[in-house]
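The structure file input_10.cif is reproduced below (mmCIF, C-alpha atoms and all ligand atoms).
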data_structure
loop_
_atom_site.label_atom_id
_atom_site.label_comp_id
_atom_site.auth_asym_id
_atom_site.auth_seq_id
_atom_site.Cartn_x
_atom_site.Cartn_y
_atom_site.Cartn_z
CA MET A 1 115.93 -106.91 -12.88
CA SER A 2 113.33 -105.06 -14.79
CA VAL A 3 111.39 -105.43 -18.00
CA LEU A 4 111.03 -102.80 -20.71
CA ILE A 5 107.52 -102.87 -22.19
CA THR A 6 107.31 -101.07 -25.53
CA GLY A 7 103.77 -99.99 -26.33
CA GLY A 8 102.92 -100.51 -22.67
CA ALA A 9 100.05 -98.00 -22.72
CA GLY A 10 98.22 -99.90 -25.47
CA PHE A 11 95.45 -102.45 -25.12
CA ILE A 12 97.53 -105.60 -24.68
CA GLY A 13 100.59 -103.75 -23.34
CA SER A 14 98.69 -102.18 -20.43
CA HIS A 15 97.16 -105.51 -19.36
CA THR A 16 100.58 -107.13 -19.61
CA ALA A 17 102.17 -104.37 -17.51
CA VAL A 18 99.57 -105.07 -14.80
CA GLU A 19 100.29 -108.81 -14.79
CA PHE A 20 104.05 -108.28 -14.62
CA MET A 21 103.74 -105.78 -11.77
CA ASN A 22 101.35 -108.08 -9.91
CA ALA A 23 103.91 -110.86 -10.32
CA GLY A 24 106.54 -108.66 -8.64
CA TYR A 25 108.47 -107.42 -11.66
CA ASP A 26 109.72 -103.86 -11.98
CA VAL A 27 108.62 -102.49 -15.31
CA VAL A 28 109.69 -99.58 -17.46
CA ILE A 29 107.05 -98.56 -19.98
CA MET A 30 107.65 -96.67 -23.19
CA ASP A 31 104.91 -95.50 -25.53
CA ASN A 32 104.44 -92.69 -28.03
CA PHE A 33 100.67 -92.50 -27.40
CA SER A 34 99.98 -92.83 -31.12
CA ASN A 35 97.08 -95.16 -30.29
CA SER A 36 96.80 -94.81 -26.51
CA LYS A 37 96.28 -92.18 -23.82
CA PRO A 38 98.41 -90.97 -20.90
CA VAL A 39 95.57 -91.69 -18.44
CA VAL A 40 96.22 -95.43 -18.98
CA LEU A 41 99.34 -95.02 -16.86
CA ASP A 42 97.31 -93.74 -13.90
CA ARG A 43 94.90 -96.64 -14.32
CA ILE A 44 97.75 -99.17 -14.25
CA LYS A 45 98.97 -97.57 -11.02
CA GLU A 46 95.46 -97.64 -9.57
CA ILE A 47 95.02 -101.35 -10.33
CA THR A 48 98.43 -102.47 -9.11
CA GLY A 49 99.03 -99.93 -6.31
CA LYS A 50 102.57 -99.67 -7.68
CA ASP A 51 104.64 -97.11 -9.51
CA PHE A 52 106.86 -97.51 -12.54
CA LYS A 53 109.07 -95.47 -14.82
CA PHE A 54 107.55 -94.17 -18.02
CA TYR A 55 109.13 -92.73 -21.17
CA LYS A 56 107.12 -91.01 -23.88
CA ALA A 57 109.25 -92.13 -26.79
CA ASP A 58 109.05 -93.49 -30.29
CA LEU A 59 110.77 -96.68 -31.40
CA LEU A 60 112.17 -94.83 -34.40
CA ASP A 61 114.06 -92.56 -32.02
CA ALA A 62 117.27 -94.52 -31.44
CA ALA A 63 118.71 -91.90 -29.09
CA ALA A 64 115.62 -92.10 -26.86
CA LEU A 65 115.91 -95.89 -26.70
CA ASP A 66 119.59 -95.67 -25.84
CA ARG A 67 118.75 -93.24 -23.07
CA ILE A 68 116.17 -95.65 -21.62
CA PHE A 69 118.69 -98.49 -21.45
CA GLU A 70 121.43 -96.18 -20.10
CA GLU A 71 119.23 -94.72 -17.38
CA ASN A 72 117.88 -98.16 -16.42
CA PRO A 73 120.80 -100.60 -16.44
CA GLU A 74 118.68 -103.08 -14.49
CA ILE A 75 116.54 -103.76 -17.60
CA ASP A 76 117.38 -107.30 -18.68
CA SER A 77 114.51 -108.10 -21.04
CA CYS A 78 111.95 -106.53 -23.29
CA ILE A 79 108.32 -107.24 -24.14
CA HIS A 80 107.82 -105.65 -27.52
CA PHE A 81 104.30 -104.48 -28.43
CA ALA A 82 104.83 -101.06 -29.99
CA GLY A 83 103.60 -100.86 -33.57
CA LEU A 84 100.78 -99.90 -35.86
CA LYS A 85 98.03 -102.51 -36.00
CA ALA A 86 95.06 -101.57 -38.17
CA VAL A 87 94.76 -104.02 -41.05
CA GLY A 88 92.77 -101.75 -43.40
CA GLU A 89 94.91 -98.70 -42.70
CA SER A 90 98.03 -100.74 -43.47
CA VAL A 91 96.77 -101.30 -47.02
CA SER A 92 96.56 -97.56 -47.65
CA MET A 93 99.68 -96.64 -45.65
CA PRO A 94 102.24 -99.39 -46.35
CA ILE A 95 105.27 -97.10 -46.02
CA GLU A 96 104.22 -95.97 -42.55
CA TYR A 97 103.49 -99.57 -41.49
CA TYR A 98 106.77 -101.05 -42.73
CA HIS A 99 108.74 -98.11 -41.36
CA ASN A 100 107.16 -98.02 -37.92
CA ASN A 101 106.91 -101.74 -37.34
CA VAL A 102 109.93 -103.18 -39.13
CA THR A 103 112.42 -100.30 -38.85
CA GLY A 104 111.21 -99.63 -35.30
CA SER A 105 111.88 -103.25 -34.31
CA LEU A 106 115.35 -103.13 -35.90
CA ILE A 107 116.20 -99.98 -33.98
CA LEU A 108 114.96 -101.59 -30.76
CA CYS A 109 116.98 -104.78 -31.30
CA ASP A 110 120.09 -102.77 -32.19
CA SER A 111 119.79 -100.70 -29.02
CA MET A 112 119.11 -103.85 -26.95
CA ARG A 113 122.22 -105.51 -28.39
CA ARG A 114 124.42 -102.49 -27.71
CA HIS A 115 123.24 -102.52 -24.09
CA GLY A 116 123.66 -106.26 -23.63
CA VAL A 117 119.91 -106.92 -23.36
CA LYS A 118 119.22 -110.01 -25.44
CA THR A 119 115.93 -111.38 -24.13
CA ILE A 120 112.75 -110.42 -25.95
CA VAL A 121 109.12 -111.52 -26.12
CA PHE A 122 107.63 -110.38 -29.41
CA SER A 123 103.99 -109.60 -30.01
CA SER A 124 103.22 -111.44 -33.24
CA SER A 125 99.91 -112.51 -34.65
CA ALA A 126 97.99 -115.39 -36.18
CA THR A 127 97.92 -113.16 -39.24
CA VAL A 128 101.36 -114.62 -40.12
CA TYR A 129 99.57 -117.83 -41.16
CA GLY A 130 97.54 -115.99 -43.84
CA ALA A 131 94.71 -118.20 -45.10
CA PRO A 132 95.52 -121.38 -43.16
CA ASP A 133 95.66 -124.74 -44.97
CA GLU A 134 93.95 -126.36 -41.99
CA VAL A 135 92.47 -125.52 -38.60
CA PRO A 136 93.23 -125.73 -35.76
CA ILE A 137 96.53 -124.06 -36.67
CA LYS A 138 99.76 -125.44 -35.26
CA GLU A 139 102.97 -123.43 -34.91
CA SER A 140 104.50 -125.62 -37.63
CA ALA A 141 101.98 -124.34 -40.20
CA ARG A 142 103.25 -122.41 -43.20
CA VAL A 143 104.07 -118.77 -42.40
CA GLY A 144 104.37 -115.91 -44.83
CA ASN A 145 101.22 -115.40 -46.83
CA ALA A 146 99.81 -112.52 -44.84
CA THR A 147 97.03 -110.78 -46.73
CA ASN A 148 97.99 -107.17 -45.89
CA PRO A 149 101.04 -105.01 -45.07
CA TYR A 150 100.32 -105.13 -41.31
CA GLY A 151 100.52 -108.93 -41.41
CA GLU A 152 103.65 -108.77 -43.55
CA THR A 153 105.37 -106.61 -40.95
CA LYS A 154 104.78 -109.39 -38.39
CA VAL A 155 106.18 -111.99 -40.82
CA MET A 156 109.24 -109.81 -41.46
CA ILE A 157 109.92 -109.09 -37.80
CA GLU A 158 109.65 -112.82 -37.00
CA ARG A 159 112.21 -113.43 -39.76
CA ILE A 160 114.53 -110.72 -38.47
CA LEU A 161 114.39 -112.16 -34.94
CA LYS A 162 115.27 -115.60 -36.27
CA ASP A 163 118.27 -114.22 -38.15
CA ILE A 164 119.38 -112.31 -35.05
CA TYR A 165 119.32 -115.55 -33.08
CA VAL A 166 121.22 -117.41 -35.80
CA SER A 167 123.92 -114.74 -35.69
CA ASP A 168 124.21 -114.64 -31.90
CA LYS A 169 123.07 -117.55 -29.73
CA GLU A 170 123.06 -115.38 -26.62
CA TRP A 171 119.63 -114.08 -27.62
CA ASN A 172 116.53 -115.55 -25.95
CA ILE A 173 113.49 -114.91 -28.13
CA SER A 174 109.89 -115.86 -27.62
CA VAL A 175 107.42 -115.13 -30.41
CA LEU A 176 103.76 -115.13 -29.37
CA ARG A 177 101.21 -115.43 -32.16
CA TYR A 178 98.00 -113.98 -30.81
CA PHE A 179 94.62 -114.94 -32.11
CA ASN A 180 91.79 -112.43 -31.42
CA PRO A 181 92.29 -110.52 -28.15
CA VAL A 182 89.08 -109.21 -26.56
CA GLY A 183 87.67 -108.42 -23.12
CA ALA A 184 89.17 -106.06 -20.57
CA HIS A 185 90.58 -106.00 -17.06
CA ALA A 186 88.00 -107.07 -14.46
CA SER A 187 88.36 -103.69 -12.71
CA GLY A 188 86.86 -101.95 -15.75
CA LEU A 189 89.75 -99.46 -15.54
CA ILE A 190 91.67 -100.53 -18.65
CA GLY A 191 90.36 -101.89 -21.93
CA GLU A 192 90.34 -101.47 -25.68
CA ASP A 193 89.91 -97.89 -26.90
CA PRO A 194 90.20 -97.82 -30.67
CA ASN A 195 90.62 -94.51 -32.49
CA GLY A 196 87.37 -93.65 -34.27
CA ILE A 197 85.02 -96.35 -35.51
CA PRO A 198 86.30 -99.79 -34.50
CA ASN A 199 87.56 -102.20 -37.17
CA ASN A 200 87.38 -105.26 -34.97
CA LEU A 201 84.31 -107.21 -34.07
CA MET A 202 84.21 -107.05 -30.27
CA PRO A 203 84.65 -103.29 -29.80
CA TYR A 204 82.07 -102.80 -32.53
CA ILE A 205 79.57 -105.08 -30.76
CA THR A 206 80.07 -103.29 -27.42
CA LYS A 207 79.34 -99.92 -29.04
CA VAL A 208 76.22 -101.18 -30.83
CA ALA A 209 74.94 -102.79 -27.62
CA LEU A 210 75.24 -99.47 -25.77
CA GLY A 211 73.63 -97.50 -28.60
CA LYS A 212 76.78 -95.64 -29.63
CA LEU A 213 76.67 -97.18 -33.10
CA PRO A 214 73.39 -98.11 -34.83
CA GLN A 215 74.12 -101.54 -36.21
CA LEU A 216 76.81 -104.16 -36.67
CA SER A 217 77.58 -105.14 -40.26
CA VAL A 218 78.25 -108.88 -40.38
CA PHE A 219 80.77 -109.37 -43.18
CA GLY A 220 79.42 -112.35 -45.08
CA ASN A 221 77.22 -115.32 -44.17
CA ASP A 222 78.30 -117.59 -47.01
CA TYR A 223 81.55 -118.92 -45.58
CA ASP A 224 82.10 -122.62 -45.11
CA THR A 225 81.42 -122.48 -41.35
CA HIS A 226 78.60 -123.75 -39.13
CA ASP A 227 76.41 -120.66 -39.70
CA GLY A 228 78.18 -119.09 -42.68
CA THR A 229 79.84 -116.27 -40.71
CA GLY A 230 83.57 -116.03 -40.04
CA VAL A 231 85.01 -118.13 -37.21
CA ARG A 232 87.80 -116.86 -34.95
CA ASP A 233 89.58 -117.79 -31.74
CA TYR A 234 88.74 -115.01 -29.26
CA ILE A 235 91.04 -114.80 -26.28
CA HIS A 236 90.60 -112.79 -23.09
CA VAL A 237 93.27 -110.08 -22.94
CA VAL A 238 94.13 -110.96 -19.32
CA ASP A 239 94.86 -114.56 -20.35
CA LEU A 240 96.94 -113.20 -23.19
CA ALA A 241 98.83 -110.89 -20.83
CA LYS A 242 99.64 -113.82 -18.54
CA ALA A 243 101.08 -115.75 -21.49
CA HIS A 244 103.83 -113.09 -21.72
CA LEU A 245 104.90 -113.80 -18.15
CA LYS A 246 105.14 -117.51 -18.86
CA ALA A 247 106.92 -116.89 -22.16
CA LEU A 248 109.53 -114.64 -20.55
CA GLU A 249 110.17 -117.01 -17.66
CA TYR A 250 110.48 -119.93 -20.05
CA ILE A 251 112.79 -118.33 -22.56
CA LYS A 252 115.11 -117.04 -19.85
CA SER A 253 115.79 -120.59 -18.72
CA ALA A 254 115.39 -122.51 -21.98
CA HIS A 255 117.27 -120.05 -24.24
CA GLY A 256 116.98 -120.03 -28.04
CA ILE A 257 114.03 -118.89 -30.14
CA ASP A 258 110.56 -120.39 -29.92
CA TYR A 259 107.06 -119.71 -31.25
CA PHE A 260 103.71 -120.11 -29.50
CA ASN A 261 100.09 -119.82 -30.55
CA ILE A 262 98.14 -117.92 -27.93
CA GLY A 263 94.47 -118.71 -28.28
CA THR A 264 91.83 -120.82 -26.55
CA GLY A 265 91.50 -123.41 -29.31
CA ASN A 266 87.76 -122.66 -29.59
CA GLY A 267 86.31 -121.14 -32.74
CA TYR A 268 83.28 -118.85 -32.48
CA SER A 269 81.42 -117.35 -35.42
CA VAL A 270 80.38 -113.70 -35.68
CA LEU A 271 76.79 -114.67 -34.88
CA ASP A 272 77.95 -116.84 -31.94
CA MET A 273 79.62 -113.73 -30.54
CA VAL A 274 76.54 -111.58 -31.07
CA LYS A 275 74.34 -114.14 -29.30
CA ALA A 276 76.80 -114.65 -26.45
CA TYR A 277 77.06 -110.90 -25.93
CA GLU A 278 73.28 -110.54 -25.81
CA GLN A 279 72.91 -113.42 -23.38
CA VAL A 280 75.68 -112.32 -21.03
CA THR A 281 74.75 -108.62 -20.94
CA GLY A 282 71.01 -108.66 -21.59
CA LEU A 283 71.59 -105.99 -24.26
CA LYS A 284 70.43 -106.14 -27.87
CA VAL A 285 73.00 -106.15 -30.66
CA ASN A 286 71.36 -105.03 -33.91
CA TYR A 287 73.02 -106.41 -36.99
CA LYS A 288 72.61 -106.82 -40.70
CA ILE A 289 74.36 -109.20 -43.06
CA VAL A 290 76.48 -107.47 -45.71
CA GLY A 291 79.11 -108.65 -48.22
CA ARG A 292 82.41 -110.21 -47.28
CA ARG A 293 85.28 -107.97 -46.16
CA PRO A 294 88.27 -108.32 -48.51
CA GLY A 295 91.14 -110.30 -47.00
CA ASP A 296 89.03 -112.17 -44.41
CA VAL A 297 89.40 -115.94 -44.06
CA ALA A 298 86.52 -118.30 -43.22
CA SER A 299 87.99 -119.89 -40.16
CA CYS A 300 91.03 -119.22 -37.99
CA TYR A 301 91.59 -120.84 -34.61
CA ALA A 302 94.57 -122.12 -32.70
CA ASP A 303 95.94 -125.38 -31.59
CA PRO A 304 97.29 -123.90 -28.33
CA SER A 305 98.60 -127.21 -26.96
CA LYS A 306 102.27 -126.27 -27.39
CA ALA A 307 101.87 -123.26 -25.07
CA GLU A 308 100.29 -125.51 -22.46
CA ARG A 309 102.90 -128.23 -22.81
CA VAL A 310 105.98 -126.01 -22.97
CA LEU A 311 105.02 -122.81 -21.14
CA GLY A 312 102.48 -124.24 -18.72
CA TRP A 313 100.03 -121.61 -20.00
CA LYS A 314 96.39 -122.21 -20.82
CA ALA A 315 93.51 -119.77 -21.27
CA GLU A 316 91.37 -119.64 -18.12
CA TYR A 317 88.59 -117.35 -19.30
CA GLY A 318 85.79 -118.24 -21.70
CA ILE A 319 83.36 -116.35 -23.83
CA VAL A 320 81.19 -115.32 -20.84
CA GLU A 321 84.07 -113.49 -19.16
CA MET A 322 85.14 -111.96 -22.48
CA CYS A 323 81.67 -110.46 -23.05
CA ARG A 324 81.13 -109.51 -19.40
CA ASP A 325 84.45 -107.68 -19.09
CA ALA A 326 84.21 -105.96 -22.48
CA ASN A 327 80.77 -104.70 -21.49
CA ARG A 328 81.91 -103.56 -18.05
CA TRP A 329 84.77 -101.59 -19.59
CA GLN A 330 82.53 -99.97 -22.22
CA THR A 331 79.78 -99.18 -19.67
CA LYS A 332 82.20 -97.59 -17.20
CA ASN A 333 84.01 -95.73 -20.01
CA PRO A 334 81.41 -94.95 -22.67
CA ASN A 335 83.88 -92.71 -24.49
CA GLY A 336 86.90 -94.85 -23.75
CA TYR A 337 89.72 -93.10 -21.92
CA ASP A 338 88.16 -89.72 -22.80
CA SER A 339 85.16 -90.49 -20.56
N1 LIG B 401 83.51 -108.76 -38.45
C1 LIG B 401 82.24 -108.40 -38.82
N2 LIG B 401 81.88 -107.09 -38.66
C2 LIG B 401 82.71 -106.15 -38.15
C3 LIG B 401 84.02 -106.53 -37.78
C4 LIG B 401 84.39 -107.84 -37.95
O1 LIG B 401 81.46 -109.23 -39.29
O2 LIG B 401 82.32 -104.98 -38.06
C5 LIG B 401 83.92 -110.17 -38.58
C6 LIG B 401 85.09 -110.39 -39.54
O3 LIG B 401 84.63 -110.52 -40.86
C7 LIG B 401 85.71 -111.66 -38.96
C8 LIG B 401 85.45 -111.55 -37.46
O4 LIG B 401 84.37 -110.61 -37.33
O5 LIG B 401 85.01 -112.79 -39.43
C9 LIG B 401 86.64 -111.01 -36.68
O6 LIG B 401 87.10 -109.81 -37.28
P1 LIG B 401 88.12 -108.84 -36.54
O7 LIG B 401 88.30 -107.65 -37.40
O8 LIG B 401 87.70 -108.60 -35.13
O9 LIG B 401 89.45 -109.71 -36.44
P2 LIG B 401 90.35 -110.40 -37.58
O10 LIG B 401 90.27 -111.86 -37.34
O11 LIG B 401 90.00 -109.91 -38.93
O12 LIG B 401 91.78 -109.84 -37.27
C10 LIG B 401 92.30 -109.89 -35.96
C11 LIG B 401 93.17 -108.65 -35.73
C12 LIG B 401 94.41 -108.70 -36.55
C13 LIG B 401 95.10 -110.00 -36.37
C14 LIG B 401 94.19 -111.16 -36.60
C15 LIG B 401 94.88 -112.44 -36.22
O13 LIG B 401 92.46 -107.48 -36.07
O14 LIG B 401 95.27 -107.69 -36.08
O15 LIG B 401 93.03 -111.05 -35.79
O16 LIG B 401 94.21 -113.54 -36.71
F1 LIG B 401 96.13 -110.06 -37.24
#
Just dump the structure as structure tokens.
Amino acid sequence: MSVLITGGAGFIGSHTAVEFMNAGYDVVIMDNFSNSKPVVLDRIKEITGKDFKFYKADLLDAAALDRIFEENPEIDSCIHFAGLKAVGESVSMPIEYYHNNVTGSLILCDSMRRHGVKTIVFSSSATVYGAPDEVPIKESARVGNATNPYGETKVMIERILKDIYVSDKEWNISVLRYFNPVGAHASGLIGEDPNGIPNNLMPYITKVALGKLPQLSVFGNDYDTHDGTGVRDYIHVVDLAKAHLKALEYIKSAHGIDYFNIGTGNGYSVLDMVKAYEQVTGLKVNYKIVGRRPGDVASCYADPSKAERVLGWKAEYGIVEMCRDANRWQTKNPNGYDS
């Protein structure tokens, strides 16, 4: 039995590969390195003390996928991360986003089906809820008003997976809707390494704190939140990685298709995060308040109780560990994986 991890060299994929290997699974990783580096693979081996098979391949390459399943007949399930993920970029490159994410997922599912592999955990996102009608968000909330093409690709892939299940009840599908993944592995060997200037809050804060960027721009302080800045549900990437293990184990025995919010249930504002980071690390995070960023919502946090009730999964790490581990990663790797 082994698990194919698409996008396994990426931020969440690499942490998930570590948790699966630590739990005794054999993994096969595929990645095209479009937003990751080959050295990640060495780091995963260093952390786990184990080896694994790797394929440099693109999801759009159906022949490469077929070869992976043919050469590894023991693969019986897939954790699917591979895809483009930058919200702003998706607005200017919709064709690339729909093609890579949606077509890529179709090609993957088609190859899985032809090789009799019908168990998948899909990396979705809270972005599928768009601007939520209420928080905390439950899985039953309305889906489908994503505010950008990236979010729409997640909505579409969720829809495709549902239709696949309707057509063939042998599929076991678990859809995980992540809130805001942050932090890094406690070893400081793997972490988030965005291309260029980060779009997301936490990697931006870590770079400002270490003097690699001059100042954080806080996008708006006039939201209807406790201090006017945007509120999100930040989740430690190692907790998130562990949710995939639980989701795979559950769906293999329960069968069907099911959806889970993966967050802590706690909402922190941008300024809460800045303060927490300063307190935990002793570093200063310079910031200035600027206008709102288009497409942002005031408040987005999970009701994660279904994941606890059904999967037996609950976030173990809090904001202190998120800041501590993000800072350790950035300090040990000031230029990311190029350090
Ligand atoms: N923010 C700033 N300054 C920055 C970056 C972000 O003030 O430089 C603020 C944002 O306005 C927002 C909060 O910090 O209030 C979090 O922003 P992020 O960009 O880190 O995260 P988002 O909530 O916008 O989006 C993230 C992922 C998406 C995913 C979504 C799910 O980037 O991929 O969570 O809810 F879809």
Worksheet item: In file coordinates, which residues lie within 12 Å of (123.9, -103.3, -13.1) using all atoms listed in the file, given as a ChimeraX atom specification?
Response: /A:1-2,69-76,115-117
Worksheet item: What lies within 8 Å of segment 232-237 of chain A using all atoms listed in the file, ignoring chain neighbours under 5 positions off, as an MDAnalysis selection string?
Response: chainID A and resid 12 15 179:185 262:269 299:302 315 317:319 321:322
With C-alpha atoms retained, export the selected residues as a PDB file, keeping the file's coordinate frame.
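Result saved to part_19.pdb:
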ATOM      1  CA  ILE A  12      97.530-105.600 -24.680  1.00  0.00           C
ATOM      2  CA  HIS A  15      97.160-105.510 -19.360  1.00  0.00           C
ATOM      3  CA  PHE A 179      94.620-114.940 -32.110  1.00  0.00           C
ATOM      4  CA  ASN A 180      91.790-112.430 -31.420  1.00  0.00           C
ATOM      5  CA  PRO A 181      92.290-110.520 -28.150  1.00  0.00           C
ATOM      6  CA  VAL A 182      89.080-109.210 -26.560  1.00  0.00           C
ATOM      7  CA  GLY A 183      87.670-108.420 -23.120  1.00  0.00           C
ATOM      8  CA  ALA A 184      89.170-106.060 -20.570  1.00  0.00           C
ATOM      9  CA  HIS A 185      90.580-106.000 -17.060  1.00  0.00           C
ATOM     10  CA  ILE A 262      98.140-117.920 -27.930  1.00  0.00           C
ATOM     11  CA  GLY A 263      94.470-118.710 -28.280  1.00  0.00           C
ATOM     12  CA  THR A 264      91.830-120.820 -26.550  1.00  0.00           C
ATOM     13  CA  GLY A 265      91.500-123.410 -29.310  1.00  0.00           C
ATOM     14  CA  ASN A 266      87.760-122.660 -29.590  1.00  0.00           C
ATOM     15  CA  GLY A 267      86.310-121.140 -32.740  1.00  0.00           C
ATOM     16  CA  TYR A 268      83.280-118.850 -32.480  1.00  0.00           C
ATOM     17  CA  SER A 269      81.420-117.350 -35.420  1.00  0.00           C
ATOM     18  CA  SER A 299      87.990-119.890 -40.160  1.00  0.00           C
ATOM     19  CA  CYS A 300      91.030-119.220 -37.990  1.00  0.00           C
ATOM     20  CA  TYR A 301      91.590-120.840 -34.610  1.00  0.00           C
ATOM     21  CA  ALA A 302      94.570-122.120 -32.700  1.00  0.00           C
ATOM     22  CA  ALA A 315      93.510-119.770 -21.270  1.00  0.00           C
ATOM     23  CA  TYR A 317      88.590-117.350 -19.300  1.00  0.00           C
ATOM     24  CA  GLY A 318      85.790-118.240 -21.700  1.00  0.00           C
ATOM     25  CA  ILE A 319      83.360-116.350 -23.830  1.00  0.00           C
ATOM     26  CA  GLU A 321      84.070-113.490 -19.160  1.00  0.00           C
ATOM     27  CA  MET A 322      85.140-111.960 -22.480  1.00  0.00           C
TER      28      MET A 322
END
Within 7 Å of ligand LIG 401 (chain B) (only C-alpha atoms and all ligand atoms), residues as an mmCIF file with C-alpha atoms, in the frame of the given file:
data_model
loop_
_atom_site.group_PDB
_atom_site.id
_atom_site.type_symbol
_atom_site.label_atom_id
_atom_site.label_comp_id
_atom_site.auth_asym_id
_atom_site.auth_seq_id
_atom_site.Cartn_x
_atom_site.Cartn_y
_atom_site.Cartn_z
ATOM 1 C CA LYS A 85 98.030 -102.510 -36.000
ATOM 2 C CA ALA A 86 95.060 -101.570 -38.170
ATOM 3 C CA VAL A 87 94.760 -104.020 -41.050
ATOM 4 C CA SER A 125 99.910 -112.510 -34.650
ATOM 5 C CA ALA A 126 97.990 -115.390 -36.180
ATOM 6 C CA THR A 127 97.920 -113.160 -39.240
ATOM 7 C CA GLY A 151 100.520 -108.930 -41.410
ATOM 8 C CA TYR A 178 98.000 -113.980 -30.810
ATOM 9 C CA PHE A 179 94.620 -114.940 -32.110
ATOM 10 C CA ASN A 180 91.790 -112.430 -31.420
ATOM 11 C CA ASN A 199 87.560 -102.200 -37.170
ATOM 12 C CA ASN A 200 87.380 -105.260 -34.970
ATOM 13 C CA LEU A 201 84.310 -107.210 -34.070
ATOM 14 C CA MET A 202 84.210 -107.050 -30.270
ATOM 15 C CA TYR A 204 82.070 -102.800 -32.530
ATOM 16 C CA LEU A 216 76.810 -104.160 -36.670
ATOM 17 C CA SER A 217 77.580 -105.140 -40.260
ATOM 18 C CA VAL A 218 78.250 -108.880 -40.380
ATOM 19 C CA PHE A 219 80.770 -109.370 -43.180
ATOM 20 C CA GLY A 220 79.420 -112.350 -45.080
ATOM 21 C CA THR A 229 79.840 -116.270 -40.710
ATOM 22 C CA GLY A 230 83.570 -116.030 -40.040
ATOM 23 C CA VAL A 231 85.010 -118.130 -37.210
ATOM 24 C CA ARG A 232 87.800 -116.860 -34.950
ATOM 25 C CA VAL A 270 80.380 -113.700 -35.680
ATOM 26 C CA ARG A 292 82.410 -110.210 -47.280
ATOM 27 C CA ARG A 293 85.280 -107.970 -46.160
ATOM 28 C CA ASP A 296 89.030 -112.170 -44.410
ATOM 29 C CA ALA A 298 86.520 -118.300 -43.220
ATOM 30 C CA CYS A 300 91.030 -119.220 -37.990
#
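Summary of the local environment: counting all atoms listed in the file, residues at most 12 Å from Val208 of chain A, other than itself and those fewer than 2 positions away along its chain, are Ile197, Pro198, Leu201, Met202, Pro203, Tyr204, Ile205, Thr206, Leu210, Gly211, Lys212, Leu213, Pro214, Gln215, Leu216, Ser217, Val274, Tyr277, Glu278, Leu283, Lys284, Val285, Asn286, Tyr287, Lys288, Asn327, Gln330, Thr331 and Pro334 of chain A.
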Worksheet entry | Pick from A:Leu4, A:Leu176, A:Ile257, A:Ile47 nearest to Pro304 of chain A, counting all atoms listed in the file |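 The shortest atom-to-atom distance to Pro304 of chain A comes from A:Leu176.
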Practice prompt. Using all atoms listed in the file, determine which residues lie at most 9 Å from Glu152 of chain A, disregarding the query and same-chain residues fewer than 5 positions distant; provide the list as an NGL selection string.
Written response: :A and (98 or 127-128 or 144-147 or 157)
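Proximity ranking of A:Leu189, A:Leu311, A:Leu41, A:Val155 relative to Gly336 of chain A places A:Leu189 first, based on only C-alpha atoms.
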Practice prompt. Between atom CA of Trp329 of chain A and atom CA of Lys246 of chain A, measure the distance and give it in Å to one decimal.
Written response: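 Separation of atom CA of Trp329 of chain A and atom CA of Lys246 of chain A: 25.9 Å.
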Discussion item. So the first atom is atom CA of Arg67 of chain A and the second is atom CA of Ala247 of chain A; what is the distance between them in Å, to one decimal place?
Written reply: 26.5 Å
Item to complete: Would you work out the distance separating atom CA of Thr48 of chain A from atom CA of Glu192 of chain A, expressed in Å to one decimal?
Response: 18.5 Å
Taking (115.8, -111.8, -23.7) in the coordinates of the supplied file, I want to know which residues reach to within 12 Å of it, counting only C-alpha atoms; could you give the answer as a tab-separated table (two decimals) with C-alpha atoms, keeping the file's coordinate frame?
chain	number	residue	atom	x	y	z
A	1	MET	CA	115.93	-106.91	-12.88
A	2	SER	CA	113.33	-105.06	-14.79
A	3	VAL	CA	111.39	-105.43	-18.00
A	4	LEU	CA	111.03	-102.80	-20.71
A	75	ILE	CA	116.54	-103.76	-17.60
A	76	ASP	CA	117.38	-107.30	-18.68
A	77	SER	CA	114.51	-108.10	-21.04
A	78	CYS	CA	111.95	-106.53	-23.29
A	79	ILE	CA	108.32	-107.24	-24.14
A	80	HIS	CA	107.82	-105.65	-27.52
A	109	CYS	CA	116.98	-104.78	-31.30
A	112	MET	CA	119.11	-103.85	-26.95
A	113	ARG	CA	122.22	-105.51	-28.39
A	115	HIS	CA	123.24	-102.52	-24.09
A	116	GLY	CA	123.66	-106.26	-23.63
A	117	VAL	CA	119.91	-106.92	-23.36
A	118	LYS	CA	119.22	-110.01	-25.44
A	119	THR	CA	115.93	-111.38	-24.13
A	120	ILE	CA	112.75	-110.42	-25.95
A	121	VAL	CA	109.12	-111.52	-26.12
A	122	PHE	CA	107.63	-110.38	-29.41
A	161	LEU	CA	114.39	-112.16	-34.94
A	164	ILE	CA	119.38	-112.31	-35.05
A	165	TYR	CA	119.32	-115.55	-33.08
A	169	LYS	CA	123.07	-117.55	-29.73
A	170	GLU	CA	123.06	-115.38	-26.62
A	171	TRP	CA	119.63	-114.08	-27.62
A	172	ASN	CA	116.53	-115.55	-25.95
A	173	ILE	CA	113.49	-114.91	-28.13
A	174	SER	CA	109.89	-115.86	-27.62
A	175	VAL	CA	107.42	-115.13	-30.41
A	247	ALA	CA	106.92	-116.89	-22.16
A	248	LEU	CA	109.53	-114.64	-20.55
A	249	GLU	CA	110.17	-117.01	-17.66
A	250	TYR	CA	110.48	-119.93	-20.05
A	251	ILE	CA	112.79	-118.33	-22.56
A	252	LYS	CA	115.11	-117.04	-19.85
A	253	SER	CA	115.79	-120.59	-18.72
A	254	ALA	CA	115.39	-122.51	-21.98
A	255	HIS	CA	117.27	-120.05	-24.24
A	256	GLY	CA	116.98	-120.03	-28.04
A	257	ILE	CA	114.03	-118.89	-30.14
A	258	ASP	CA	110.56	-120.39	-29.92
